[in-house]
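Q: Sharing work_33.cif here; it has mmCIF, C-alpha atoms and all ligand atoms; chains and numbers go by the auth columns.
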data_start
#
loop_
_atom_site.group_PDB
_atom_site.id
_atom_site.type_symbol
_atom_site.label_atom_id
_atom_site.label_comp_id
_atom_site.label_asym_id
_atom_site.label_seq_id
_atom_site.Cartn_x
_atom_site.Cartn_y
_atom_site.Cartn_z
_atom_site.B_iso_or_equiv
_atom_site.auth_seq_id
_atom_site.auth_asym_id
ATOM 1 C CA MET A 1 -3.287 -1.492 11.173 0.00 1 V
ATOM 2 C CA ARG A 2 -1.104 -0.588 8.210 0.00 2 V
ATOM 3 C CA LYS A 3 -2.929 0.584 5.092 0.00 3 V
ATOM 4 C CA PRO A 4 -1.755 -1.418 2.067 0.00 4 V
ATOM 5 C CA PHE A 5 0.234 0.586 -0.426 0.00 5 V
ATOM 6 C CA ILE A 6 1.058 0.022 -4.043 0.00 6 V
ATOM 7 C CA ALA A 7 3.273 2.178 -6.221 0.00 7 V
ATOM 8 C CA ALA A 8 3.798 2.021 -9.974 0.00 8 V
ATOM 9 C CA ASN A 9 7.337 2.786 -11.054 0.00 9 V
ATOM 10 C CA TRP A 10 6.971 3.569 -14.735 0.00 10 V
ATOM 11 C CA LYS A 11 10.743 4.124 -15.080 0.00 11 V
ATOM 12 C CA MET A 12 11.657 5.729 -18.441 0.00 12 V
ATOM 13 C CA HIS A 13 8.552 4.477 -20.228 0.00 13 V
ATOM 14 C CA GLY A 14 5.563 6.167 -21.785 0.00 14 V
ATOM 15 C CA ASN A 15 4.437 9.047 -23.945 0.00 15 V
ATOM 16 C CA VAL A 16 1.285 11.148 -24.043 0.00 16 V
ATOM 17 C CA GLN A 17 -0.590 8.558 -26.063 0.00 17 V
ATOM 18 C CA SER A 18 0.355 5.504 -24.004 0.00 18 V
ATOM 19 C CA ILE A 19 -0.228 7.401 -20.751 0.00 19 V
ATOM 20 C CA ASN A 20 -3.744 8.358 -21.867 0.00 20 V
ATOM 21 C CA THR A 21 -4.514 4.719 -22.605 0.00 21 V
ATOM 22 C CA LEU A 22 -2.997 3.467 -19.380 0.00 22 V
ATOM 23 C CA ILE A 23 -4.776 5.922 -17.070 0.00 23 V
ATOM 24 C CA GLU A 24 -8.061 5.481 -18.945 0.00 24 V
ATOM 25 C CA GLY A 25 -7.718 1.731 -18.473 0.00 25 V
ATOM 26 C CA LEU A 26 -7.086 2.101 -14.744 0.00 26 V
ATOM 27 C CA LYS A 27 -9.876 4.523 -13.874 0.00 27 V
ATOM 28 C CA GLN A 28 -12.825 2.154 -13.810 0.00 28 V
ATOM 29 C CA PRO A 29 -11.113 -0.872 -12.189 0.00 29 V
ATOM 30 C CA LEU A 30 -9.476 1.240 -9.491 0.00 30 V
ATOM 31 C CA THR A 31 -12.804 2.628 -8.285 0.00 31 V
ATOM 32 C CA GLY A 32 -13.023 -0.641 -6.326 0.00 32 V
ATOM 33 C CA VAL A 33 -9.667 -0.146 -4.648 0.00 33 V
ATOM 34 C CA ASN A 34 -10.587 2.036 -1.686 0.00 34 V
ATOM 35 C CA GLU A 35 -8.646 0.377 1.059 0.00 35 V
ATOM 36 C CA ALA A 36 -5.188 0.578 -0.473 0.00 36 V
ATOM 37 C CA SER A 37 -3.147 3.646 -1.421 0.00 37 V
ATOM 38 C CA VAL A 38 -2.271 3.658 -5.105 0.00 38 V
ATOM 39 C CA VAL A 39 0.568 5.876 -6.318 0.00 39 V
ATOM 40 C CA ILE A 40 1.832 6.340 -9.859 0.00 40 V
ATOM 41 C CA CYS A 41 5.374 7.526 -10.496 0.00 41 V
ATOM 42 C CA PRO A 42 5.873 8.735 -14.093 0.00 42 V
ATOM 43 C CA SER A 43 8.967 10.386 -15.538 0.00 43 V
ATOM 44 C CA PHE A 44 9.446 14.069 -14.690 0.00 44 V
ATOM 45 C CA PRO A 45 8.058 15.553 -17.942 0.00 45 V
ATOM 46 C CA TYR A 46 4.706 13.822 -17.454 0.00 46 V
ATOM 47 C CA LEU A 47 4.086 14.571 -13.775 0.00 47 V
ATOM 48 C CA SER A 48 1.741 17.511 -14.341 0.00 48 V
ATOM 49 C CA TYR A 49 0.060 15.763 -17.210 0.00 49 V
ATOM 50 C CA VAL A 50 -0.639 12.643 -15.151 0.00 50 V
ATOM 51 C CA ASN A 51 -1.701 14.776 -12.205 0.00 51 V
ATOM 52 C CA ASN A 52 -4.454 16.250 -14.357 0.00 52 V
ATOM 53 C CA LEU A 53 -5.604 12.865 -15.600 0.00 53 V
ATOM 54 C CA ILE A 54 -5.908 11.391 -12.095 0.00 54 V
ATOM 55 C CA LYS A 55 -7.809 14.329 -10.579 0.00 55 V
ATOM 56 C CA GLU A 56 -11.131 12.529 -10.159 0.00 56 V
ATOM 57 C CA THR A 57 -9.566 9.226 -9.123 0.00 57 V
ATOM 58 C CA ASN A 58 -8.130 7.754 -5.931 0.00 58 V
ATOM 59 C CA ILE A 59 -4.651 7.573 -7.502 0.00 59 V
ATOM 60 C CA THR A 60 -1.950 9.881 -6.122 0.00 60 V
ATOM 61 C CA LEU A 61 1.278 11.086 -7.675 0.00 61 V
ATOM 62 C CA GLY A 62 4.916 10.299 -7.015 0.00 62 V
ATOM 63 C CA ALA A 63 8.245 10.974 -8.733 0.00 63 V
ATOM 64 C CA GLN A 64 11.163 8.632 -9.370 0.00 64 V
ATOM 65 C CA ASP A 65 13.942 10.763 -7.878 0.00 65 V
ATOM 66 C CA CYS A 66 14.742 14.223 -6.581 0.00 66 V
ATOM 67 C CA SER A 67 17.815 16.330 -6.003 0.00 67 V
ATOM 68 C CA ASP A 68 19.498 16.548 -2.614 0.00 68 V
ATOM 69 C CA GLN A 69 19.776 20.311 -3.284 0.00 69 V
ATOM 70 C CA GLN A 70 17.010 22.836 -2.731 0.00 70 V
ATOM 71 C CA GLU A 71 17.592 25.206 -5.614 0.00 71 V
ATOM 72 C CA GLY A 72 20.316 26.691 -7.781 0.00 72 V
ATOM 73 C CA ALA A 73 22.810 25.940 -10.518 0.00 73 V
ATOM 74 C CA PHE A 74 22.210 22.194 -10.827 0.00 74 V
ATOM 75 C CA THR A 75 21.506 21.647 -14.504 0.00 75 V
ATOM 76 C CA GLY A 76 19.251 18.691 -15.131 0.00 76 V
ATOM 77 C CA GLN A 77 18.243 18.196 -11.530 0.00 77 V
ATOM 78 C CA VAL A 78 14.747 18.466 -10.089 0.00 78 V
ATOM 79 C CA SER A 79 14.142 19.679 -6.553 0.00 79 V
ATOM 80 C CA ALA A 80 11.727 18.304 -3.977 0.00 80 V
ATOM 81 C CA SER A 81 9.871 21.629 -3.875 0.00 81 V
ATOM 82 C CA MET A 82 9.311 21.440 -7.659 0.00 82 V
ATOM 83 C CA LEU A 83 7.830 17.983 -7.254 0.00 83 V
ATOM 84 C CA LYS A 84 5.551 19.221 -4.511 0.00 84 V
ATOM 85 C CA ASP A 85 4.583 22.176 -6.677 0.00 85 V
ATOM 86 C CA VAL A 86 3.346 19.939 -9.504 0.00 86 V
ATOM 87 C CA GLY A 87 1.314 17.699 -7.222 0.00 87 V
ATOM 88 C CA CYS A 88 3.604 14.929 -5.965 0.00 88 V
ATOM 89 C CA ASN A 89 3.201 13.485 -2.502 0.00 89 V
ATOM 90 C CA PHE A 90 5.773 10.704 -2.844 0.00 90 V
ATOM 91 C CA VAL A 91 9.218 10.228 -4.320 0.00 91 V
ATOM 92 C CA ILE A 92 11.147 7.021 -4.960 0.00 92 V
ATOM 93 C CA LEU A 93 14.703 7.385 -3.655 0.00 93 V
ATOM 94 C CA GLY A 94 17.687 5.062 -3.818 0.00 94 V
ATOM 95 C CA HIS A 95 16.322 2.823 -6.538 0.00 95 V
ATOM 96 C CA SER A 96 18.984 0.289 -7.475 0.00 96 V
ATOM 97 C CA GLU A 97 19.064 1.552 -11.051 0.00 97 V
ATOM 98 C CA ARG A 98 20.075 4.973 -9.754 0.00 98 V
ATOM 99 C CA ARG A 99 22.548 3.464 -7.301 0.00 99 V
ATOM 100 C CA ALA A 100 24.170 1.471 -10.123 0.00 100 V
ATOM 101 C CA LEU A 101 23.798 3.736 -13.168 0.00 101 V
ATOM 102 C CA CYS A 102 24.161 7.129 -11.488 0.00 102 V
ATOM 103 C CA GLN A 103 26.603 6.055 -8.763 0.00 103 V
ATOM 104 C CA GLU A 104 24.282 7.198 -5.991 0.00 104 V
ATOM 105 C CA THR A 105 25.787 6.514 -2.591 0.00 105 V
ATOM 106 C CA ASP A 106 23.999 5.784 0.681 0.00 106 V
ATOM 107 C CA THR A 107 25.013 9.238 1.901 0.00 107 V
ATOM 108 C CA LEU A 108 23.615 11.033 -1.143 0.00 108 V
ATOM 109 C CA ILE A 109 20.402 9.040 -0.826 0.00 109 V
ATOM 110 C CA ALA A 110 20.148 9.992 2.850 0.00 110 V
ATOM 111 C CA GLU A 111 20.512 13.643 1.849 0.00 111 V
ATOM 112 C CA LYS A 112 17.775 13.222 -0.732 0.00 112 V
ATOM 113 C CA VAL A 113 15.524 11.711 1.940 0.00 113 V
ATOM 114 C CA GLN A 114 16.075 14.801 4.044 0.00 114 V
ATOM 115 C CA ALA A 115 15.433 17.137 1.096 0.00 115 V
ATOM 116 C CA ALA A 116 12.212 15.314 0.232 0.00 116 V
ATOM 117 C CA GLN A 117 10.922 15.381 3.790 0.00 117 V
ATOM 118 C CA SER A 118 11.657 19.059 4.146 0.00 118 V
ATOM 119 C CA GLU A 119 9.082 19.604 1.374 0.00 119 V
ATOM 120 C CA ASP A 120 6.586 17.223 2.911 0.00 120 V
ATOM 121 C CA LEU A 121 7.140 14.500 0.334 0.00 121 V
ATOM 122 C CA THR A 122 7.112 10.916 1.585 0.00 122 V
ATOM 123 C CA PRO A 123 10.224 9.075 0.399 0.00 123 V
ATOM 124 C CA ILE A 124 9.839 5.525 -0.861 0.00 124 V
ATOM 125 C CA LEU A 125 13.310 4.444 0.132 0.00 125 V
ATOM 126 C CA CYS A 126 14.606 1.467 -1.845 0.00 126 V
ATOM 127 C CA VAL A 127 17.079 -0.986 -0.363 0.00 127 V
ATOM 128 C CA GLY A 128 18.291 -4.328 -1.639 0.00 128 V
ATOM 129 C CA GLU A 129 21.284 -6.470 -2.414 0.00 129 V
ATOM 130 C CA THR A 130 22.942 -7.516 -5.671 0.00 130 V
ATOM 131 C CA LEU A 131 22.964 -11.123 -6.829 0.00 131 V
ATOM 132 C CA GLU A 132 26.567 -11.453 -5.720 0.00 132 V
ATOM 133 C CA ALA A 133 25.754 -10.265 -2.206 0.00 133 V
ATOM 134 C CA PHE A 134 22.692 -12.527 -2.103 0.00 134 V
ATOM 135 C CA GLU A 135 24.772 -15.553 -3.061 0.00 135 V
ATOM 136 C CA GLN A 136 27.298 -14.697 -0.393 0.00 136 V
ATOM 137 C CA ASN A 137 24.587 -14.425 2.258 0.00 137 V
ATOM 138 C CA GLN A 138 25.247 -10.725 2.621 0.00 138 V
ATOM 139 C CA THR A 139 21.640 -9.571 2.225 0.00 139 V
ATOM 140 C CA GLN A 140 21.180 -8.509 5.835 0.00 140 V
ATOM 141 C CA ALA A 141 24.543 -6.740 6.006 0.00 141 V
ATOM 142 C CA VAL A 142 23.801 -4.769 2.835 0.00 142 V
ATOM 143 C CA VAL A 143 20.279 -3.802 3.840 0.00 143 V
ATOM 144 C CA LEU A 144 21.420 -2.837 7.329 0.00 144 V
ATOM 145 C CA SER A 145 24.172 -0.566 6.071 0.00 145 V
ATOM 146 C CA GLN A 146 21.866 1.069 3.494 0.00 146 V
ATOM 147 C CA LEU A 147 19.296 1.761 6.204 0.00 147 V
ATOM 148 C CA GLN A 148 21.747 2.728 8.900 0.00 148 V
ATOM 149 C CA THR A 149 23.159 5.575 6.814 0.00 149 V
ATOM 150 C CA VAL A 150 19.683 7.042 6.463 0.00 150 V
ATOM 151 C CA ILE A 151 18.859 6.531 10.152 0.00 151 V
ATOM 152 C CA ASP A 152 22.114 8.244 11.151 0.00 152 V
ATOM 153 C CA HIS A 153 21.412 11.124 8.811 0.00 153 V
ATOM 154 C CA VAL A 154 17.742 11.902 9.428 0.00 154 V
ATOM 155 C CA GLY A 155 17.087 10.225 12.776 0.00 155 V
ATOM 156 C CA ILE A 156 14.596 7.519 13.626 0.00 156 V
ATOM 157 C CA ASP A 157 11.637 9.890 14.001 0.00 157 V
ATOM 158 C CA ALA A 158 11.862 10.636 10.285 0.00 158 V
ATOM 159 C CA PHE A 159 10.718 7.037 9.726 0.00 159 V
ATOM 160 C CA ASN A 160 7.234 8.147 10.751 0.00 160 V
ATOM 161 C CA ASN A 161 7.123 9.447 7.220 0.00 161 V
ATOM 162 C CA ILE A 162 9.219 7.040 5.160 0.00 162 V
ATOM 163 C CA ILE A 163 8.113 3.998 3.228 0.00 163 V
ATOM 164 C CA ILE A 164 10.726 1.318 2.667 0.00 164 V
ATOM 165 C CA ALA A 165 10.835 -0.845 -0.434 0.00 165 V
ATOM 166 C CA TYR A 166 12.904 -4.012 -0.317 0.00 166 V
ATOM 167 C CA GLU A 167 13.995 -4.673 -3.888 0.00 167 V
ATOM 168 C CA PRO A 168 16.605 -7.372 -4.450 0.00 168 V
ATOM 169 C CA VAL A 169 18.551 -6.153 -7.475 0.00 169 V
ATOM 170 C CA TRP A 170 18.559 -9.634 -8.998 0.00 170 V
ATOM 171 C CA ALA A 171 14.751 -9.755 -8.942 0.00 171 V
ATOM 172 C CA ILE A 172 14.161 -6.442 -10.713 0.00 172 V
ATOM 173 C CA GLY A 173 12.988 -6.839 -14.279 0.00 173 V
ATOM 174 C CA THR A 174 14.175 -10.448 -14.432 0.00 174 V
ATOM 175 C CA GLY A 175 10.854 -12.228 -13.996 0.00 175 V
ATOM 176 C CA LYS A 176 12.426 -14.017 -11.030 0.00 176 V
ATOM 177 C CA ALA A 177 10.893 -12.669 -7.818 0.00 177 V
ATOM 178 C CA ALA A 178 12.470 -13.610 -4.493 0.00 178 V
ATOM 179 C CA THR A 179 10.795 -16.522 -2.732 0.00 179 V
ATOM 180 C CA PRO A 180 8.128 -15.780 -0.125 0.00 180 V
ATOM 181 C CA LYS A 181 10.507 -17.016 2.572 0.00 181 V
ATOM 182 C CA THR A 182 13.307 -14.664 1.524 0.00 182 V
ATOM 183 C CA ILE A 183 10.900 -11.770 1.251 0.00 183 V
ATOM 184 C CA GLN A 184 9.346 -12.322 4.676 0.00 184 V
ATOM 185 C CA ASP A 185 12.769 -12.873 6.309 0.00 185 V
ATOM 186 C CA VAL A 186 14.185 -9.625 4.922 0.00 186 V
ATOM 187 C CA HIS A 187 11.040 -7.621 5.679 0.00 187 V
ATOM 188 C CA GLN A 188 11.034 -8.899 9.240 0.00 188 V
ATOM 189 C CA PHE A 189 14.720 -8.065 9.509 0.00 189 V
ATOM 190 C CA ILE A 190 14.021 -4.505 8.338 0.00 190 V
ATOM 191 C CA ARG A 191 11.141 -4.089 10.772 0.00 191 V
ATOM 192 C CA ASN A 192 13.363 -5.405 13.579 0.00 192 V
ATOM 193 C CA ILE A 193 16.045 -2.830 12.807 0.00 193 V
ATOM 194 C CA ILE A 194 13.463 -0.083 13.272 0.00 194 V
ATOM 195 C CA THR A 195 11.878 -1.817 16.285 0.00 195 V
ATOM 196 C CA GLN A 196 15.181 -1.676 18.104 0.00 196 V
ATOM 197 C CA LYS A 197 15.076 2.111 17.792 0.00 197 V
ATOM 198 C CA ASN A 198 11.358 2.730 18.181 0.00 198 V
ATOM 199 C CA LYS A 199 8.687 0.025 18.304 0.00 199 V
ATOM 200 C CA GLU A 200 5.780 2.349 17.659 0.00 200 V
ATOM 201 C CA ILE A 201 7.345 3.614 14.440 0.00 201 V
ATOM 202 C CA ALA A 202 8.250 0.076 13.369 0.00 202 V
ATOM 203 C CA ASP A 203 4.681 -1.147 13.886 0.00 203 V
ATOM 204 C CA LYS A 204 3.366 1.573 11.580 0.00 204 V
ATOM 205 C CA LEU A 205 6.161 1.373 9.002 0.00 205 V
ATOM 206 C CA LEU A 206 5.089 0.349 5.507 0.00 206 V
ATOM 207 C CA ILE A 207 7.529 -2.089 3.920 0.00 207 V
ATOM 208 C CA LEU A 208 6.931 -2.817 0.245 0.00 208 V
ATOM 209 C CA TYR A 209 8.389 -5.586 -1.843 0.00 209 V
ATOM 210 C CA GLY A 210 9.571 -4.890 -5.396 0.00 210 V
ATOM 211 C CA GLY A 211 11.136 -7.125 -8.024 0.00 211 V
ATOM 212 C CA SER A 212 9.108 -9.020 -10.641 0.00 212 V
ATOM 213 C CA VAL A 213 5.767 -8.764 -8.884 0.00 213 V
ATOM 214 C CA LYS A 214 3.266 -10.074 -11.422 0.00 214 V
ATOM 215 C CA ILE A 215 -0.373 -11.020 -11.309 0.00 215 V
ATOM 216 C CA HIS A 216 0.457 -14.699 -10.667 0.00 216 V
ATOM 217 C CA ASN A 217 2.672 -14.143 -7.615 0.00 217 V
ATOM 218 C CA ALA A 218 1.058 -11.012 -6.132 0.00 218 V
ATOM 219 C CA LYS A 219 -1.185 -12.800 -3.646 0.00 219 V
ATOM 220 C CA GLU A 220 1.459 -15.068 -2.175 0.00 220 V
ATOM 221 C CA ILE A 221 3.754 -12.075 -1.695 0.00 221 V
ATOM 222 C CA PHE A 222 1.168 -9.679 -0.277 0.00 222 V
ATOM 223 C CA MET A 223 -0.177 -12.218 2.194 0.00 223 V
ATOM 224 C CA LEU A 224 3.180 -12.290 4.028 0.00 224 V
ATOM 225 C CA PRO A 225 2.884 -10.685 7.483 0.00 225 V
ATOM 226 C CA ASP A 226 5.586 -8.043 7.047 0.00 226 V
ATOM 227 C CA VAL A 227 4.764 -7.126 3.451 0.00 227 V
ATOM 228 C CA ASP A 228 2.504 -4.093 3.265 0.00 228 V
ATOM 229 C CA GLY A 229 2.388 -3.669 -0.486 0.00 229 V
ATOM 230 C CA GLY A 230 4.537 -3.456 -3.571 0.00 230 V
ATOM 231 C CA LEU A 231 6.643 -1.303 -5.854 0.00 231 V
ATOM 232 C CA ILE A 232 5.749 -2.456 -9.328 0.00 232 V
ATOM 233 C CA GLY A 233 7.845 -1.848 -12.446 0.00 233 V
ATOM 234 C CA GLY A 234 7.083 -3.736 -15.661 0.00 234 V
ATOM 235 C CA ALA A 235 3.677 -4.993 -14.542 0.00 235 V
ATOM 236 C CA SER A 236 2.503 -1.437 -13.835 0.00 236 V
ATOM 237 C CA LEU A 237 2.540 -0.562 -17.544 0.00 237 V
ATOM 238 C CA ASP A 238 -0.495 -2.671 -18.344 0.00 238 V
ATOM 239 C CA PRO A 239 -3.779 -1.454 -16.829 0.00 239 V
ATOM 240 C CA ARG A 240 -5.347 -4.894 -16.396 0.00 240 V
ATOM 241 C CA THR A 241 -2.269 -6.346 -14.772 0.00 241 V
ATOM 242 C CA PHE A 242 -1.652 -3.359 -12.523 0.00 242 V
ATOM 243 C CA SER A 243 -5.253 -3.095 -11.374 0.00 243 V
ATOM 244 C CA GLY A 244 -5.242 -6.849 -10.691 0.00 244 V
ATOM 245 C CA ILE A 245 -2.162 -6.384 -8.513 0.00 245 V
ATOM 246 C CA CYS A 246 -3.900 -3.499 -6.696 0.00 246 V
ATOM 247 C CA TYR A 247 -6.848 -5.782 -5.913 0.00 247 V
ATOM 248 C CA ALA A 248 -4.474 -8.484 -4.684 0.00 248 V
ATOM 249 C CA VAL A 249 -2.787 -6.100 -2.250 0.00 249 V
ATOM 250 C CA GLN A 250 -6.146 -4.849 -0.985 0.00 250 V
ATOM 251 C CA GLU A 251 -7.496 -8.369 -0.483 0.00 251 V
ATOM 252 C CA GLU A 252 -4.430 -9.786 1.230 0.00 252 V
ATOM 253 C CA ASN A 253 -3.697 -6.846 3.504 0.00 253 V
ATOM 254 C CA THR A 254 -7.095 -5.790 4.805 0.00 254 V
HETATM 255 P P1 LIG B . 9.970 -4.853 -11.867 0.00 301 P
HETATM 256 O O1 LIG B . 10.655 -3.524 -11.279 0.00 301 P
HETATM 257 O O2 LIG B . 8.599 -4.964 -11.233 0.00 301 P
HETATM 258 O O3 LIG B . 9.909 -4.629 -13.353 0.00 301 P
HETATM 259 O O4 LIG B . 10.828 -6.001 -11.497 0.00 301 P
HETATM 260 C C1 LIG B . 10.486 -3.130 -9.948 0.00 301 P
HETATM 261 C C2 LIG B . 11.259 -1.871 -9.684 0.00 301 P
HETATM 262 O O5 LIG B . 12.340 -1.686 -10.268 0.00 301 P
HETATM 263 O O6 LIG B . 10.813 -1.015 -8.888 0.00 301 P
#
Would you write out, as structure tokens, the structure that this file holds?
A:
Amino acid sequence: MRKPFIAANWKMHGNVQSINTLIEGLKQPLTGVNEASVVICPSFPYLSYVNNLIKETNITLGAQDCSDQQEGAFTGQVSASMLKDVGCNFVILGHSERRALCQETDTLIAEKVQAAQSEDLTPILCVGETLEAFEQNQTQAVVLSQLQTVIDHVGIDAFNNIIIAYEPVWAIGTGKAATPKTIQDVHQFIRNIITQKNKEIADKLLILYGGSVKIHNAKEIFMLPDVDGGLIGGASLDPRTFSGICYAVQEENT
């Protein structure tokens, strides 16, 4: 049985005041979410701050990126060990915004996965195709090559401690989620890739969907057999919406 998992990707949003309001608004509703893991991923400067606010709750902490390097003269970068030090257990890696805006390659992302795991952080590894690739029926080829680079780099056993998020680029922040059929097909495809290497790992692997998950479509997405939860951007910034999505994942996956 896979425990449902939901992660909030706050992206570059928030300040002390809005974070106080958001966490305060989540505390009470999330007391009823005991059967799903809930992770919040704020921007770097607020990690410690959020970690303090969530102390008495069942929310855990994640970051939105980490360096592939361990330590040294890398101005502006943040290492996996620093994230661990301030209370993170998870880190989003390979988000399409970083692939596109920061020119992150599959190889760099694979190195980041390794760096994160060496500090006992669980990577939430994002994969997904652009609109152009989707329209050319290249989804599977893109997702396979993104995953294969990581498998080649860290080995299949590392997937005991990796969460995958399928996020079609064209669905992120557009209000246009992929259809349930597309989502299930791609999730099944991902699980099959891992099954071919190791069935036991594939059966346990959490595969999240991300891309315009909202309160109105959460249930139909989370009820799909190979969807184990979600990576939520815009809808995670409102406590009522995000807690509603957390309940949906718990109800549909347990
Ligand atoms: P969205 O973002 O929910 O706003 O579409 C998801 C993501 O980028 O992780």
Q: Just the number, please: distance in Å from CA of Lys219 in chain V to CA of Val249 in chain V, one decimal.
A: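 So the answer is 7.0 Å.
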Q: Pick from V:Phe90, V:Phe134, V:Trp170, V:Tyr49: nearest to ligand LIG 301 (chain P), with only C-alpha atoms and all ligand atoms counted?
A: V:Trp170
Q: Which residues form the shell of 10 Å around ligand LIG 301 (chain P) when you count all atoms listed in the file, given as a VMD selection string?
A: chain V and resid 7 to 11 64 92 95 to 97 126 165 to 177 209 to 214 230 to 237
Q: At what distance in Å, to one decimal, does CA of Arg98 in chain V lie from CA of Gly244 in chain V?
A: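 Interatomic distance here is 28.0 Å.
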Q: List the residues selected by the PyMOL selection byres (((chain V and resi 182) around 12) and not hetatm) in the file shown, writing them as a VMD selection string.
A: chain V and resid 128 134 137 139 to 140 166 to 168 171 177 to 181 183 to 189 209 221 224 226 to 227
Q: With C-alpha atoms retained, export the selected residues as an mmCIF file, in the coordinates of the input.
A:
data_model
loop_
_atom_site.group_PDB
_atom_site.id
_atom_site.type_symbol
_atom_site.label_atom_id
_atom_site.label_comp_id
_atom_site.auth_asym_id
_atom_site.auth_seq_id
_atom_site.Cartn_x
_atom_site.Cartn_y
_atom_site.Cartn_z
ATOM 1 C CA GLY V 128 18.291 -4.328 -1.639
ATOM 2 C CA PHE V 134 22.692 -12.527 -2.103
ATOM 3 C CA ASN V 137 24.587 -14.425 2.258
ATOM 4 C CA THR V 139 21.640 -9.571 2.225
ATOM 5 C CA GLN V 140 21.180 -8.509 5.835
ATOM 6 C CA TYR V 166 12.904 -4.012 -0.317
ATOM 7 C CA GLU V 167 13.995 -4.673 -3.888
ATOM 8 C CA PRO V 168 16.605 -7.372 -4.450
ATOM 9 C CA ALA V 171 14.751 -9.755 -8.942
ATOM 10 C CA ALA V 177 10.893 -12.669 -7.818
ATOM 11 C CA ALA V 178 12.470 -13.610 -4.493
ATOM 12 C CA THR V 179 10.795 -16.522 -2.732
ATOM 13 C CA PRO V 180 8.128 -15.780 -0.125
ATOM 14 C CA LYS V 181 10.507 -17.016 2.572
ATOM 15 C CA ILE V 183 10.900 -11.770 1.251
ATOM 16 C CA GLN V 184 9.346 -12.322 4.676
ATOM 17 C CA ASP V 185 12.769 -12.873 6.309
ATOM 18 C CA VAL V 186 14.185 -9.625 4.922
ATOM 19 C CA HIS V 187 11.040 -7.621 5.679
ATOM 20 C CA GLN V 188 11.034 -8.899 9.240
ATOM 21 C CA PHE V 189 14.720 -8.065 9.509
ATOM 22 C CA TYR V 209 8.389 -5.586 -1.843
ATOM 23 C CA ILE V 221 3.754 -12.075 -1.695
ATOM 24 C CA LEU V 224 3.180 -12.290 4.028
ATOM 25 C CA ASP V 226 5.586 -8.043 7.047
ATOM 26 C CA VAL V 227 4.764 -7.126 3.451
#
Q: Counting all atoms listed in the file, which residues sit no farther than 12 Å from the position (26.2, 9.3, 3.0) in the file's frame? I'd like them as a short mmCIF file (atom, residue, chain, number, x, y, z; two decimals) with C-alpha atoms, in the frame of the given file.
A:
data_model
loop_
_atom_site.label_atom_id
_atom_site.label_comp_id
_atom_site.auth_asym_id
_atom_site.auth_seq_id
_atom_site.Cartn_x
_atom_site.Cartn_y
_atom_site.Cartn_z
CA ASP V 68 19.50 16.55 -2.61
CA GLY V 94 17.69 5.06 -3.82
CA GLU V 104 24.28 7.20 -5.99
CA THR V 105 25.79 6.51 -2.59
CA ASP V 106 24.00 5.78 0.68
CA THR V 107 25.01 9.24 1.90
CA LEU V 108 23.62 11.03 -1.14
CA ILE V 109 20.40 9.04 -0.83
CA ALA V 110 20.15 9.99 2.85
CA GLU V 111 20.51 13.64 1.85
CA LYS V 112 17.77 13.22 -0.73
CA VAL V 113 15.52 11.71 1.94
CA GLN V 114 16.08 14.80 4.04
CA SER V 145 24.17 -0.57 6.07
CA GLN V 146 21.87 1.07 3.49
CA LEU V 147 19.30 1.76 6.20
CA GLN V 148 21.75 2.73 8.90
CA THR V 149 23.16 5.58 6.81
CA VAL V 150 19.68 7.04 6.46
CA ILE V 151 18.86 6.53 10.15
CA ASP V 152 22.11 8.24 11.15
CA HIS V 153 21.41 11.12 8.81
CA VAL V 154 17.74 11.90 9.43
#
Q: Would you mind listing, for every residue of range 31-50 of chain V within 9 Å of range 13-19 of chain V, the two atoms forming the shortest contact and the distance between them in Å to one decimal, using only C-alpha atoms, sorted by chain and ascending residue number, as JSON lines?
A:
{"residue": "V:Pro42", "atom": "CA", "partner": "V:His13", "partner_atom": "CA", "distance": 7.9}
{"residue": "V:Ser43", "atom": "CA", "partner": "V:His13", "partner_atom": "CA", "distance": 7.6}
{"residue": "V:Tyr46", "atom": "CA", "partner": "V:Val16", "partner_atom": "CA", "distance": 7.9}
{"residue": "V:Tyr49", "atom": "CA", "partner": "V:Val16", "partner_atom": "CA", "distance": 8.3}
{"residue": "V:Val50", "atom": "CA", "partner": "V:Ile19", "partner_atom": "CA", "distance": 7.7}
